[in-house]
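J.: Got work-v7.txt for you, compact mmCIF, C-alpha atoms:
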# COMPACT_ATOMS: atom_id res chain seq x y z
CA MET A 1 -6.69 36.95 26.98
CA THR A 2 -6.98 40.70 26.50
CA VAL A 3 -3.39 41.25 27.63
CA GLU A 4 -2.15 38.63 25.21
CA ASP A 5 -3.89 40.39 22.32
CA ILE A 6 -2.74 43.90 23.16
CA THR A 7 0.94 43.14 23.80
CA PRO A 8 1.86 41.99 20.27
CA ASN A 9 -0.08 44.90 18.77
CA LYS A 10 2.06 47.31 20.74
CA GLU A 11 5.20 45.59 19.59
CA LYS A 12 4.14 45.87 15.96
CA GLY A 13 3.03 49.47 16.18
CA SER A 14 5.87 50.94 18.19
CA GLY A 15 9.36 51.25 16.70
CA ARG A 16 10.82 51.64 20.19
CA SER A 17 9.85 48.16 21.22
CA LYS A 18 12.73 46.77 19.13
CA HIS A 19 15.22 48.46 21.41
CA VAL A 20 13.84 47.58 24.85
CA ALA A 21 16.74 47.55 27.30
CA ASP A 22 17.71 44.29 28.92
CA GLU A 23 17.66 44.89 32.66
CA LYS A 24 20.51 42.36 33.08
CA ALA A 25 22.75 44.05 30.53
CA PRO A 26 25.76 46.04 31.88
CA LEU A 27 25.59 49.81 31.66
CA LEU A 28 29.05 49.94 30.04
CA PRO A 29 30.32 47.53 27.38
CA LYS A 30 33.03 45.16 28.49
CA GLN A 31 34.91 45.31 25.22
CA GLN A 32 34.63 46.54 21.69
CA ASP A 33 32.04 44.88 19.48
CA GLU A 34 34.35 43.72 16.75
CA ASP A 35 31.49 42.73 14.47
CA ALA A 36 30.29 46.33 14.39
CA VAL A 37 33.41 47.32 12.52
CA HIS A 38 32.48 44.99 9.66
CA ASP A 39 28.66 45.14 9.61
CA GLU A 40 28.57 48.39 7.66
CA PHE A 41 29.74 46.77 4.40
CA ASN A 42 29.74 43.28 2.95
CA GLY A 43 29.67 43.75 -0.81
CA ALA A 44 33.29 43.14 -1.85
CA SER A 45 33.85 41.07 -4.98
CA PHE A 46 36.06 37.99 -5.41
CA ILE A 47 38.50 39.87 -7.66
CA GLY A 48 38.70 42.81 -5.26
CA ALA A 49 39.45 40.43 -2.39
CA VAL A 50 42.19 38.69 -4.42
CA PHE A 51 43.77 42.06 -5.23
CA ASN A 52 43.71 43.14 -1.57
CA LEU A 53 45.17 39.87 -0.26
CA SER A 54 47.79 39.69 -3.02
CA THR A 55 48.79 43.26 -2.22
CA THR A 56 49.15 42.27 1.45
CA ILE A 57 51.46 39.39 0.50
CA VAL A 58 53.60 41.01 -2.20
CA GLY A 59 55.17 43.84 -0.27
CA ALA A 60 58.76 44.60 0.53
CA GLY A 61 59.73 40.95 1.06
CA ILE A 62 60.08 40.43 -2.68
CA MET A 63 63.00 42.86 -2.79
CA ALA A 64 65.04 40.71 -0.40
CA LEU A 65 64.27 37.39 -2.11
CA PRO A 66 67.06 37.63 -4.74
CA ALA A 67 69.49 38.02 -1.83
CA THR A 68 68.11 34.80 -0.30
CA MET A 69 68.94 33.06 -3.58
CA LYS A 70 72.49 34.30 -3.21
CA VAL A 71 72.66 32.51 0.14
CA LEU A 72 70.66 29.36 -0.67
CA GLY A 73 71.27 28.84 -4.39
CA LEU A 74 68.48 28.58 -6.95
CA ILE A 75 67.30 25.02 -6.31
CA LEU A 76 66.99 25.27 -2.53
CA GLY A 77 65.69 28.84 -2.75
CA VAL A 78 62.85 28.02 -5.17
CA ALA A 79 61.98 24.87 -3.21
CA LEU A 80 61.65 26.87 0.02
CA ILE A 81 59.41 29.48 -1.64
CA ILE A 82 57.04 26.72 -2.80
CA PHE A 83 57.16 25.05 0.62
CA MET A 84 56.35 28.32 2.40
CA ALA A 85 53.36 28.87 0.08
CA PHE A 86 51.86 25.48 0.99
CA LEU A 87 52.63 26.00 4.69
CA THR A 88 50.94 29.42 4.60
CA ASP A 89 47.87 27.97 2.88
CA ALA A 90 47.59 25.27 5.56
CA SER A 91 47.91 27.73 8.45
CA ILE A 92 45.29 30.09 6.98
CA GLU A 93 42.96 27.13 6.42
CA PHE A 94 43.19 26.38 10.15
CA LEU A 95 42.22 29.97 10.97
CA ILE A 96 39.26 29.95 8.58
CA ARG A 97 37.99 26.53 9.73
CA PHE A 98 37.92 27.34 13.44
CA SER A 99 36.64 30.88 12.88
CA LYS A 100 33.63 29.46 11.01
CA ALA A 101 33.05 26.85 13.72
CA GLY A 102 32.91 29.53 16.41
CA LYS A 103 31.26 32.21 14.20
CA ILE A 104 34.24 34.47 14.88
CA THR A 105 35.01 37.43 12.60
CA SER A 106 38.56 38.40 13.56
CA TYR A 107 41.96 36.86 14.24
CA GLY A 108 42.01 38.55 17.66
CA GLY A 109 38.56 37.14 18.45
CA LEU A 110 39.77 33.65 17.54
CA MET A 111 42.80 33.96 19.82
CA GLY A 112 40.57 35.33 22.57
CA ASP A 113 38.15 32.44 22.17
CA ALA A 114 40.98 29.90 22.38
CA PHE A 115 43.22 31.46 25.03
CA GLY A 116 41.20 34.21 26.68
CA LYS A 117 42.09 37.86 27.09
CA TYR A 118 45.85 37.31 27.17
CA GLY A 119 45.81 35.29 23.97
CA LYS A 120 44.11 38.18 22.19
CA ILE A 121 46.60 40.66 23.65
CA MET A 122 49.53 38.53 22.45
CA LEU A 123 48.06 38.54 18.94
CA GLN A 124 47.61 42.30 18.97
CA ILE A 125 51.20 42.86 20.14
CA CYS A 126 52.53 40.61 17.36
CA VAL A 127 50.49 42.46 14.72
CA LEU A 128 51.87 45.71 16.14
CA VAL A 129 55.51 44.55 15.93
CA ASN A 130 55.16 42.84 12.54
CA ASN A 131 53.21 45.53 10.71
CA ILE A 132 55.20 48.44 12.07
CA GLY A 133 58.38 46.61 11.05
CA VAL A 134 57.03 45.89 7.55
CA LEU A 135 55.87 49.48 7.04
CA ILE A 136 59.27 50.77 8.17
CA VAL A 137 60.84 48.49 5.54
CA TYR A 138 58.54 50.00 2.91
CA MET A 139 59.70 53.48 3.80
CA ILE A 140 63.36 52.42 3.83
CA ILE A 141 63.03 50.99 0.31
CA ILE A 142 61.24 54.08 -0.96
CA GLY A 143 64.02 56.21 0.55
CA ASP A 144 66.65 53.98 -1.09
CA VAL A 145 64.95 54.27 -4.48
CA LEU A 146 64.37 58.01 -4.46
CA SER A 147 67.34 59.28 -2.42
CA GLY A 148 69.97 56.51 -2.67
CA THR A 149 71.72 54.29 -0.15
CA SER A 150 75.23 53.23 0.83
CA SER A 151 76.45 49.64 1.21
CA SER A 152 79.98 48.52 2.13
CA GLY A 153 81.29 52.02 1.53
CA VAL A 154 79.72 52.25 -1.94
CA HIS A 155 76.98 54.82 -2.57
CA HIS A 156 74.09 53.75 -4.83
CA ALA A 157 72.43 56.87 -6.21
CA GLY A 158 68.66 57.28 -6.01
CA VAL A 159 66.37 58.26 -8.86
CA LEU A 160 66.10 61.90 -7.76
CA GLU A 161 69.88 62.12 -7.30
CA GLY A 162 70.38 60.77 -10.81
CA TRP A 163 67.96 63.26 -12.29
CA PHE A 164 68.81 66.42 -10.36
CA GLY A 165 72.03 65.76 -8.40
CA GLN A 166 72.35 65.91 -4.62
CA HIS A 167 70.27 68.64 -2.94
CA TRP A 168 68.70 69.10 0.48
CA TRP A 169 65.20 68.59 -0.94
CA ASN A 170 65.96 65.14 -2.37
CA GLY A 171 67.64 63.86 0.78
CA ARG A 172 66.10 60.79 2.47
CA THR A 173 64.47 62.59 5.43
CA PHE A 174 62.77 65.30 3.37
CA VAL A 175 61.60 62.89 0.64
CA LEU A 176 60.08 60.52 3.21
CA LEU A 177 58.43 63.44 5.00
CA ILE A 178 56.76 64.63 1.79
CA SER A 179 55.75 61.04 0.91
CA THR A 180 54.22 60.57 4.37
CA ILE A 181 52.23 63.79 4.25
CA GLY A 182 51.22 63.71 0.58
CA ILE A 183 50.70 59.98 -0.12
CA PHE A 184 50.63 57.76 2.96
CA SER A 185 48.39 59.99 5.08
CA PRO A 186 45.50 60.29 2.57
CA LEU A 187 45.57 56.57 1.74
CA ALA A 188 45.65 55.66 5.45
CA CYS A 189 42.42 57.58 6.11
CA PHE A 190 40.06 55.08 4.44
CA LYS A 191 37.87 53.33 7.01
CA ARG A 192 37.02 50.27 4.87
CA ILE A 193 39.59 47.95 3.36
CA ASP A 194 37.43 47.42 0.25
CA SER A 195 37.82 51.15 -0.49
CA LEU A 196 41.43 50.32 -1.35
CA ARG A 197 40.57 47.76 -4.05
CA PHE A 198 41.45 50.11 -6.91
CA SER A 199 44.79 51.12 -5.41
CA SER A 200 45.43 47.42 -4.77
CA ALA A 201 44.71 46.58 -8.42
CA LEU A 202 47.09 49.35 -9.52
CA SER A 203 49.77 48.13 -7.10
CA VAL A 204 49.50 44.59 -8.51
CA ALA A 205 49.80 46.00 -12.04
CA LEU A 206 52.94 47.92 -11.01
CA ALA A 207 54.45 44.77 -9.50
CA VAL A 208 53.75 42.90 -12.75
CA ALA A 209 55.32 45.75 -14.75
CA PHE A 210 58.39 45.55 -12.50
CA LEU A 211 58.61 41.80 -13.12
CA VAL A 212 58.16 42.14 -16.91
CA ILE A 213 60.97 44.70 -17.16
CA ILE A 214 63.36 42.51 -15.14
CA LEU A 215 62.37 39.50 -17.25
CA ALA A 216 63.05 41.40 -20.51
CA ILE A 217 66.44 42.61 -19.27
CA ALA A 218 67.47 39.12 -18.15
CA ILE A 219 66.39 37.48 -21.42
CA PHE A 220 68.25 40.10 -23.47
CA LYS A 221 71.43 39.54 -21.47
CA LEU A 222 71.04 35.76 -21.70
CA ILE A 223 70.75 35.94 -25.49
CA SER A 224 73.74 38.25 -25.72
CA GLY A 225 75.73 35.92 -23.43
CA THR A 226 76.64 38.59 -20.88
CA VAL A 227 75.37 36.79 -17.79
CA VAL A 228 76.73 33.74 -16.01
CA MET A 229 74.45 30.98 -14.73
CA PRO A 230 74.15 31.54 -10.95
CA ARG A 231 74.80 28.93 -8.27
CA LEU A 232 72.23 26.15 -7.97
CA LEU A 233 73.19 25.12 -4.41
CA PRO A 234 74.46 27.01 -1.35
CA ASP A 235 78.18 27.58 -0.96
CA VAL A 236 78.95 26.11 2.48
CA THR A 237 82.68 26.16 3.21
CA ASP A 238 82.85 26.67 6.98
CA LEU A 239 80.69 26.99 10.10
CA THR A 240 80.03 30.69 9.47
CA SER A 241 78.62 30.07 5.99
CA PHE A 242 76.50 27.25 7.42
CA TRP A 243 74.91 29.48 10.06
CA LYS A 244 74.34 32.15 7.41
CA LEU A 245 71.84 29.83 5.72
CA PHE A 246 69.43 30.35 8.63
CA THR A 247 69.37 34.14 8.17
CA VAL A 248 67.11 33.75 5.13
CA PHE A 249 64.23 32.06 6.98
CA PRO A 250 62.89 35.24 8.64
CA VAL A 251 62.83 36.88 5.19
CA LEU A 252 60.88 33.96 3.67
CA VAL A 253 58.45 33.93 6.60
CA THR A 254 57.82 37.67 6.29
CA ALA A 255 57.30 37.38 2.53
CA PHE A 256 54.15 35.25 3.01
CA ILE A 257 52.58 36.76 6.12
CA CYS A 258 49.04 37.96 5.36
CA HIS A 259 47.09 36.21 8.14
CA TYR A 260 46.22 39.44 9.96
CA ASN A 261 44.19 40.65 6.93
CA VAL A 262 42.34 37.44 6.04
CA HIS A 263 39.40 38.07 8.39
CA ASN A 264 39.14 41.74 7.39
CA ILE A 265 38.88 40.75 3.72
CA ALA A 266 36.53 37.81 4.39
CA ASN A 267 34.14 39.99 6.43
CA GLU A 268 33.59 42.33 3.47
CA LEU A 269 33.05 39.59 0.85
CA LYS A 270 29.59 39.18 -0.68
CA ASP A 271 30.00 35.42 -0.22
CA THR A 272 32.28 34.66 2.73
CA THR A 273 32.61 31.02 1.64
CA GLN A 274 34.85 32.25 -1.19
CA ILE A 275 37.67 33.21 1.18
CA GLY A 276 39.42 29.83 0.76
CA ALA A 277 39.55 30.28 -3.02
CA VAL A 278 40.69 33.88 -2.54
CA VAL A 279 43.60 32.72 -0.37
CA ARG A 280 44.71 29.96 -2.77
CA THR A 281 44.46 32.22 -5.84
CA SER A 282 46.48 34.94 -4.12
CA LEU A 283 49.16 32.56 -2.83
CA ALA A 284 49.57 30.86 -6.23
CA SER A 285 49.94 34.13 -8.14
CA CYS A 286 52.28 35.64 -5.55
CA SER A 287 54.47 32.52 -5.48
CA ILE A 288 54.93 32.74 -9.25
CA VAL A 289 55.91 36.40 -8.94
CA TYR A 290 58.32 35.56 -6.08
CA ILE A 291 60.04 32.74 -7.97
CA MET A 292 60.46 34.75 -11.16
CA THR A 293 61.74 37.85 -9.36
CA SER A 294 64.17 35.80 -7.27
CA PHE A 295 65.50 33.87 -10.26
CA PHE A 296 65.94 36.77 -12.68
CA GLY A 297 67.15 39.20 -10.00
CA PHE A 298 69.88 36.78 -8.91
CA LEU A 299 70.63 35.94 -12.55
CA LEU A 300 71.29 39.60 -13.34
CA PHE A 301 73.54 40.46 -10.40
CA GLY A 302 74.89 37.15 -9.06
CA ASP A 303 77.01 37.48 -5.94
CA ALA A 304 76.77 41.29 -6.19
CA THR A 305 73.04 41.11 -5.32
CA LEU A 306 72.24 43.48 -2.44
CA SER A 307 69.73 42.90 0.37
CA ASP A 308 67.47 45.41 -1.42
CA VAL A 309 67.83 44.40 -5.08
CA LEU A 310 66.39 47.73 -6.23
CA ALA A 311 69.65 49.36 -5.12
CA ASN A 312 71.46 47.30 -7.80
CA PHE A 313 69.59 49.16 -10.54
CA ASP A 314 71.79 52.26 -10.46
CA THR A 315 74.54 51.26 -12.91
CA ASP A 316 74.86 50.56 -16.63
CA LEU A 317 73.40 47.12 -17.27
CA GLY A 318 75.10 46.84 -20.64
CA ILE A 319 71.86 47.00 -22.64
CA PRO A 320 70.20 49.74 -24.75
CA TYR A 321 68.32 52.36 -22.71
CA SER A 322 69.88 50.96 -19.56
CA TYR A 323 69.38 54.01 -17.34
CA LEU A 324 65.81 54.51 -18.55
CA LEU A 325 64.96 50.89 -17.69
CA ASN A 326 66.73 51.22 -14.33
CA ASP A 327 64.54 54.17 -13.42
CA ALA A 328 61.40 52.38 -14.67
CA VAL A 329 62.16 49.36 -12.47
CA ARG A 330 62.81 51.42 -9.36
CA VAL A 331 59.99 53.93 -9.76
CA SER A 332 57.39 51.23 -10.57
CA TYR A 333 58.19 49.28 -7.43
CA ALA A 334 58.46 52.34 -5.21
CA ALA A 335 54.97 53.33 -6.42
CA HIS A 336 53.78 49.76 -5.74
CA LEU A 337 54.97 49.96 -2.12
CA MET A 338 53.27 53.32 -1.66
CA LEU A 339 49.98 51.71 -2.66
CA VAL A 340 50.58 48.60 -0.52
CA PHE A 341 51.20 50.77 2.56
CA PRO A 342 47.52 51.38 3.50
CA ILE A 343 46.63 47.68 3.11
CA VAL A 344 49.15 46.74 5.83
CA PHE A 345 48.33 49.87 7.85
CA TYR A 346 44.59 49.02 8.10
CA PRO A 347 44.85 45.93 10.39
CA LEU A 348 47.65 47.60 12.36
CA ARG A 349 45.36 50.47 13.32
CA ILE A 350 42.48 48.14 14.24
CA ASN A 351 44.69 46.04 16.51
CA ILE A 352 46.29 49.07 18.15
CA ASP A 353 42.83 50.39 18.93
CA GLY A 354 41.73 47.04 20.36
CA LEU A 355 44.87 46.82 22.49
CA PHE A 356 44.74 50.29 24.04
CA PHE A 357 40.98 51.06 23.88
CA PRO A 358 39.28 47.68 24.43
CA SER A 359 36.08 49.16 25.89
CA ALA A 360 35.63 52.03 23.45
CA SER A 361 33.13 52.25 20.60
CA PRO A 362 34.17 50.79 17.20
CA LEU A 363 37.03 52.79 15.70
CA PRO A 364 35.24 53.99 12.50
CA GLN A 365 32.63 55.68 14.72
CA SER A 366 35.19 57.83 16.58
CA THR A 367 36.81 60.39 14.29
CA LYS A 368 39.08 61.81 16.99
CA ARG A 369 40.43 58.42 18.06
CA PHE A 370 40.80 57.37 14.42
CA ALA A 371 42.84 60.50 13.63
CA PHE A 372 44.95 60.20 16.80
CA ILE A 373 45.94 56.56 16.18
CA THR A 374 46.56 57.13 12.46
CA SER A 375 48.80 60.17 12.96
CA GLY A 376 50.70 58.57 15.86
CA LEU A 377 51.49 55.44 13.86
CA LEU A 378 52.60 57.43 10.80
CA ILE A 379 55.01 59.47 12.94
CA LEU A 380 56.44 56.32 14.56
CA ILE A 381 56.96 54.61 11.19
CA PHE A 382 58.56 57.73 9.72
CA LEU A 383 61.05 57.93 12.60
CA GLY A 384 61.87 54.21 12.35
CA ALA A 385 62.59 54.48 8.61
CA ASN A 386 65.11 57.25 9.28
CA PHE A 387 67.02 55.42 12.03
CA ILE A 388 67.04 51.72 10.99
CA PRO A 389 69.96 51.22 8.56
CA SER A 390 68.90 48.24 6.43
CA ILE A 391 65.82 46.25 5.43
CA TRP A 392 67.73 43.03 6.17
CA VAL A 393 67.98 44.05 9.85
CA ALA A 394 64.24 44.80 10.02
CA PHE A 395 63.29 41.58 8.21
CA GLN A 396 65.41 39.42 10.49
CA PHE A 397 63.85 40.95 13.61
CA THR A 398 60.19 40.86 12.56
CA GLY A 399 60.50 37.55 10.69
CA ALA A 400 62.12 35.76 13.64
CA THR A 401 59.65 37.10 16.23
CA ALA A 402 56.19 38.45 15.42
CA ALA A 403 55.81 37.14 11.85
CA VAL A 404 56.46 33.50 12.74
CA CYS A 405 53.94 33.76 15.60
CA LEU A 406 51.23 35.29 13.39
CA GLY A 407 51.78 32.93 10.50
CA PHE A 408 52.47 29.57 12.07
CA ILE A 409 52.69 29.36 15.89
CA PHE A 410 49.29 30.93 16.70
CA PRO A 411 47.30 28.97 14.03
CA ALA A 412 48.91 25.72 15.21
CA ALA A 413 48.21 26.60 18.87
CA VAL A 414 44.54 27.34 18.10
CA THR A 415 44.25 24.00 16.29
CA LEU A 416 45.78 22.06 19.18
CA ARG A 417 43.62 23.92 21.66
Would you give me this structure, written as structure tokens?

T.:
Amino acid sequence: MTVEDITPNKEKGSGRSKHVADEKAPLLPKQQDEDAVHDEFNGASFIGAVFNLSTTIVGAGIMALPATMKVLGLILGVALIIFMAFLTDASIEFLIRFSKAGKITSYGGLMGDAFGKYGKIMLQICVLVNNIGVLIVYMIIIGDVLSGTSSSGVHHAGVLEGWFGQHWWNGRTFVLLISTIGIFSPLACFKRIDSLRFSSALSVALAVAFLVIILAIAIFKLISGTVVMPRLLPDVTDLTSFWKLFTVFPVLVTAFICHYNVHNIANELKDTTQIGAVVRTSLASCSIVYIMTSFFGFLLFGDATLSDVLANFDTDLGIPYSYLLNDAVRVSYAAHLMLVFPIVFYPLRINIDGLFFPSASPLPQSTKRFAFITSGLLILIFLGANFIPSIWVAFQFTGATAAVCLGFIFPAAVTLR
């Protein structure tokens, strides 16, 4: 009886008793405690989560969507955008449902629970390929906007070339180097995704400004009768043009991929049950932006629409203040992509760390490992942006491989499992 009375008193009086070691516990952890990465903060608001997820969705893919309209025609193109939005919502709903059932806080943890260690590794490799590819596309577009690009033997001048002429300091390599050091590196150093909510809000505002300017230009030209109604259906004349229709699907898949960030955003919400509403709100708003950008971008340039529609804004549009509006369109979206960069970079870094350092302490607790992974990824992305010639090439590769796995194959496999 005496022992029974004394034991609880010791437990109440001694702070150490809360941390008594379990004699059966292993001396070294078997893998990272993924929950520890998220436990430090869970106060994100609904609006902040919508901004972060919308920023994840509306990235570089929007710039290639007018070119998909050129291939598919307006009716089929708009229909596929709407279809992809519903398909994305369904696949994310599968992830959320089974994550809640298993009390799992990450996409990698869900794949590990369903398919073991190798399932989680497959997920991490796909995030690596997809996100590195997307971030390389961001840098390519920023280089195109600021330093110019060439297509079919025609050079499209960049903003800096138009303002100052061609110089060594406004060449693509130097401009991307300065952007990486001065903009991408500081933004990539945040350890919580909610810390990026203000940059996400600004990036969404810049995307809306980009859309409003394009809308105003298109309406002005419609009223003045200087544009021709674009094709409503695809122009299929031979086998080659038929197979070309399938080249747009990787672009459409990539445009809606945000699955790798859903758990990160949900874990930081004040009320995690709101994540379903966050996803639907983000997908609805982004789909509207996609449809309007695709329609008015294709309306303005027709069959001359380039794979990166921003490159089309380097000539006289036949409206007042044409060159000023051209620069406003390009600079606003280049700034948007700069602010989107860290949102896509965040899950990339977490998955790289989990892939190569599975038994280490949580990444935010190791400054050296955090700095090493961040700097290594930035160097790799910088090099890729200087050697890959076109965003269409990058989109076709990532969209046909890693993106389709992340967005649709893995969620369906988890559901069937």

J.: Work out how far CA of Phe198 in chain A is from CA of Ala44 in chain A, in Å to one decimal.

T.: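 Answer for the CA of Ala44 in chain A to CA of Phe198 in chain A separation: 11.9 Å.
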
J.: I'd like the neighbourhood of Ile132 in chain A as a PyMOL selection string, where a residue qualifies if any of its atoms comes within 9 Å (using all atoms listed in the file), though same-chain residues fewer than 2 positions away should be ignored.

T.: chain A and resi 127-130+134-137+344-345+348+377+380-381+384

J.: CA of Ala335 in chain A and CA of Gly162 in chain A, how far apart in Å?

T.: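 Computing it gives 17.7 Å between the two atoms.
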
J.: If you measure from CA of Gly399 in chain A to CA of Asp353 in chain A, what distance in Å do you get, rounded to one decimal?

T.: 23.3 Å

J.: Excluding range 297-300 of chain A and residues on its chain fewer than 3 positions from it, collect all residues at most 10 Å away from it, counting all atoms listed in the file, and give them as number ranges by chain.

T.: A: 63-70, 73-74, 211, 214-215, 217-219, 221-222, 226-231, 291-294, 303-306, 309-310, 312, 317

J.: Using C-alpha atoms, can you export the residues from the last selection as a CSV table (one decimal), in the coordinates of the input?

T.:
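As written to disk, out.csv reads:
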chain,number,residue,atom,x,y,z
A,63,MET,CA,63.0,42.9,-2.8
A,64,ALA,CA,65.0,40.7,-0.4
A,65,LEU,CA,64.3,37.4,-2.1
A,66,PRO,CA,67.1,37.6,-4.7
A,67,ALA,CA,69.5,38.0,-1.8
A,68,THR,CA,68.1,34.8,-0.3
A,69,MET,CA,68.9,33.1,-3.6
A,70,LYS,CA,72.5,34.3,-3.2
A,73,GLY,CA,71.3,28.8,-4.4
A,74,LEU,CA,68.5,28.6,-7.0
A,211,LEU,CA,58.6,41.8,-13.1
A,214,ILE,CA,63.4,42.5,-15.1
A,215,LEU,CA,62.4,39.5,-17.2
A,217,ILE,CA,66.4,42.6,-19.3
A,218,ALA,CA,67.5,39.1,-18.2
A,219,ILE,CA,66.4,37.5,-21.4
A,221,LYS,CA,71.4,39.5,-21.5
A,222,LEU,CA,71.0,35.8,-21.7
A,226,THR,CA,76.6,38.6,-20.9
A,227,VAL,CA,75.4,36.8,-17.8
A,228,VAL,CA,76.7,33.7,-16.0
A,229,MET,CA,74.4,31.0,-14.7
A,230,PRO,CA,74.2,31.5,-11.0
A,231,ARG,CA,74.8,28.9,-8.3
A,291,ILE,CA,60.0,32.7,-8.0
A,292,MET,CA,60.5,34.8,-11.2
A,293,THR,CA,61.7,37.8,-9.4
A,294,SER,CA,64.2,35.8,-7.3
A,303,ASP,CA,77.0,37.5,-5.9
A,304,ALA,CA,76.8,41.3,-6.2
A,305,THR,CA,73.0,41.1,-5.3
A,306,LEU,CA,72.2,43.5,-2.4
A,309,VAL,CA,67.8,44.4,-5.1
A,310,LEU,CA,66.4,47.7,-6.2
A,312,ASN,CA,71.5,47.3,-7.8
A,317,LEU,CA,73.4,47.1,-17.3

J.: Show me as a list of chain:residue names the residues that reach within 10 Å of (41.2, 36.2, 17.2), counting only C-alpha atoms and using the file's own coordinates.

T.: A:Leu95, A:Ser99, A:Ile104, A:Thr105, A:Ser106, A:Tyr107, A:Gly108, A:Gly109, A:Leu110, A:Met111, A:Gly112, A:Asp113, A:Ala114, A:Phe115, A:Gly116, A:Gly119, A:Lys120, A:Ile121, A:Leu123, A:Gln124, A:Tyr260, A:His263, A:Phe410, A:Pro411, A:Val414

J.: Restricting it to C-alpha atoms, dump the selection as a PDB file, in the frame of the given file.

T.:
ATOM      1  CA  LEU A  95      42.220  29.970  10.970  1.00  0.00           C
ATOM      2  CA  SER A  99      36.640  30.880  12.880  1.00  0.00           C
ATOM      3  CA  ILE A 104      34.240  34.470  14.880  1.00  0.00           C
ATOM      4  CA  THR A 105      35.010  37.430  12.600  1.00  0.00           C
ATOM      5  CA  SER A 106      38.560  38.400  13.560  1.00  0.00           C
ATOM      6  CA  TYR A 107      41.960  36.860  14.240  1.00  0.00           C
ATOM      7  CA  GLY A 108      42.010  38.550  17.660  1.00  0.00           C
ATOM      8  CA  GLY A 109      38.560  37.140  18.450  1.00  0.00           C
ATOM      9  CA  LEU A 110      39.770  33.650  17.540  1.00  0.00           C
ATOM     10  CA  MET A 111      42.800  33.960  19.820  1.00  0.00           C
ATOM     11  CA  GLY A 112      40.570  35.330  22.570  1.00  0.00           C
ATOM     12  CA  ASP A 113      38.150  32.440  22.170  1.00  0.00           C
ATOM     13  CA  ALA A 114      40.980  29.900  22.380  1.00  0.00           C
ATOM     14  CA  PHE A 115      43.220  31.460  25.030  1.00  0.00           C
ATOM     15  CA  GLY A 116      41.200  34.210  26.680  1.00  0.00           C
ATOM     16  CA  GLY A 119      45.810  35.290  23.970  1.00  0.00           C
ATOM     17  CA  LYS A 120      44.110  38.180  22.190  1.00  0.00           C
ATOM     18  CA  ILE A 121      46.600  40.660  23.650  1.00  0.00           C
ATOM     19  CA  LEU A 123      48.060  38.540  18.940  1.00  0.00           C
ATOM     20  CA  GLN A 124      47.610  42.300  18.970  1.00  0.00           C
ATOM     21  CA  TYR A 260      46.220  39.440   9.960  1.00  0.00           C
ATOM     22  CA  HIS A 263      39.400  38.070   8.390  1.00  0.00           C
ATOM     23  CA  PHE A 410      49.290  30.930  16.700  1.00  0.00           C
ATOM     24  CA  PRO A 411      47.300  28.970  14.030  1.00  0.00           C
ATOM     25  CA  VAL A 414      44.540  27.340  18.100  1.00  0.00           C
TER      26      VAL A 414
END

J.: Which residue out of A:Ser224, A:Ser185, A:Thr401, A:Asn261 has the minimum interatomic distance to Ser54 in chain A when all atoms listed in the file are used?

T.: A:Asn261

J.: With distances taken over only C-alpha atoms, which of A:Asn267, A:Ile142, A:Thr149, A:Asp316 is nearest to Lys103 in chain A?

T.: A:Asn267

J.: Using only C-alpha atoms, I'd like a table of the residues in range 180-289 of chain A that come within 12 Å of range 354-367 of chain A; for each, show the closest atom pair and its distance in Å rounded to one decimal, ordered by chain and ascending number, as JSON lines.

T.:
{"residue": "A:Cys189", "atom": "CA", "partner": "A:Pro364", "partner_atom": "CA", "distance": 10.3}
{"residue": "A:Phe190", "atom": "CA", "partner": "A:Pro364", "partner_atom": "CA", "distance": 9.5}
{"residue": "A:Lys191", "atom": "CA", "partner": "A:Pro364", "partner_atom": "CA", "distance": 6.1}
{"residue": "A:Arg192", "atom": "CA", "partner": "A:Pro364", "partner_atom": "CA", "distance": 8.7}
{"residue": "A:Ile193", "atom": "CA", "partner": "A:Pro364", "partner_atom": "CA", "distance": 11.8}

J.: Keeping only C-alpha atoms, write the selected residues as a PDB file, in the frame of the given file.

T.:
ATOM      1  CA  CYS A 189      42.420  57.580   6.110  1.00  0.00           C
ATOM      2  CA  PHE A 190      40.060  55.080   4.440  1.00  0.00           C
ATOM      3  CA  LYS A 191      37.870  53.330   7.010  1.00  0.00           C
ATOM      4  CA  ARG A 192      37.020  50.270   4.870  1.00  0.00           C
ATOM      5  CA  ILE A 193      39.590  47.950   3.360  1.00  0.00           C
TER       6      ILE A 193
END

J.: Looking at all atoms listed in the file, which of A:Leu337, A:Ile183, A:Ala284, A:Leu177 is the one that sits closest to Ile379 in chain A?

T.: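 Checking each candidate against Ile379 in chain A, we get A:Leu177 as the closest.
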
J.: Once you count all atoms listed in the file, what closest atom pair and distance in Å to one decimal does each residue of range 68-139 of chain A within 10 Å of range 248-253 of chain A have, with rows by chain and rising residue number, as a tab-separated table?

T.:
residue	atom	partner	partner_atom	distance
A:Thr68	CA	A:Val248	CA	5.6
A:Met69	CA	A:Val248	CA	8.9
A:Lys70	CA	A:Val248	CA	9.9
A:Val71	CA	A:Val248	CA	7.6
A:Leu72	CA	A:Val248	CA	8.1
A:Gly77	CA	A:Val248	CA	9.4
A:Leu80	CA	A:Leu252	CA	8.0
A:Ile81	CA	A:Leu252	CA	7.1
A:Met84	CA	A:Val253	CA	7.3
A:Ala85	CA	A:Val253	CA	9.7
A:Thr88	CA	A:Val253	CA	9.0
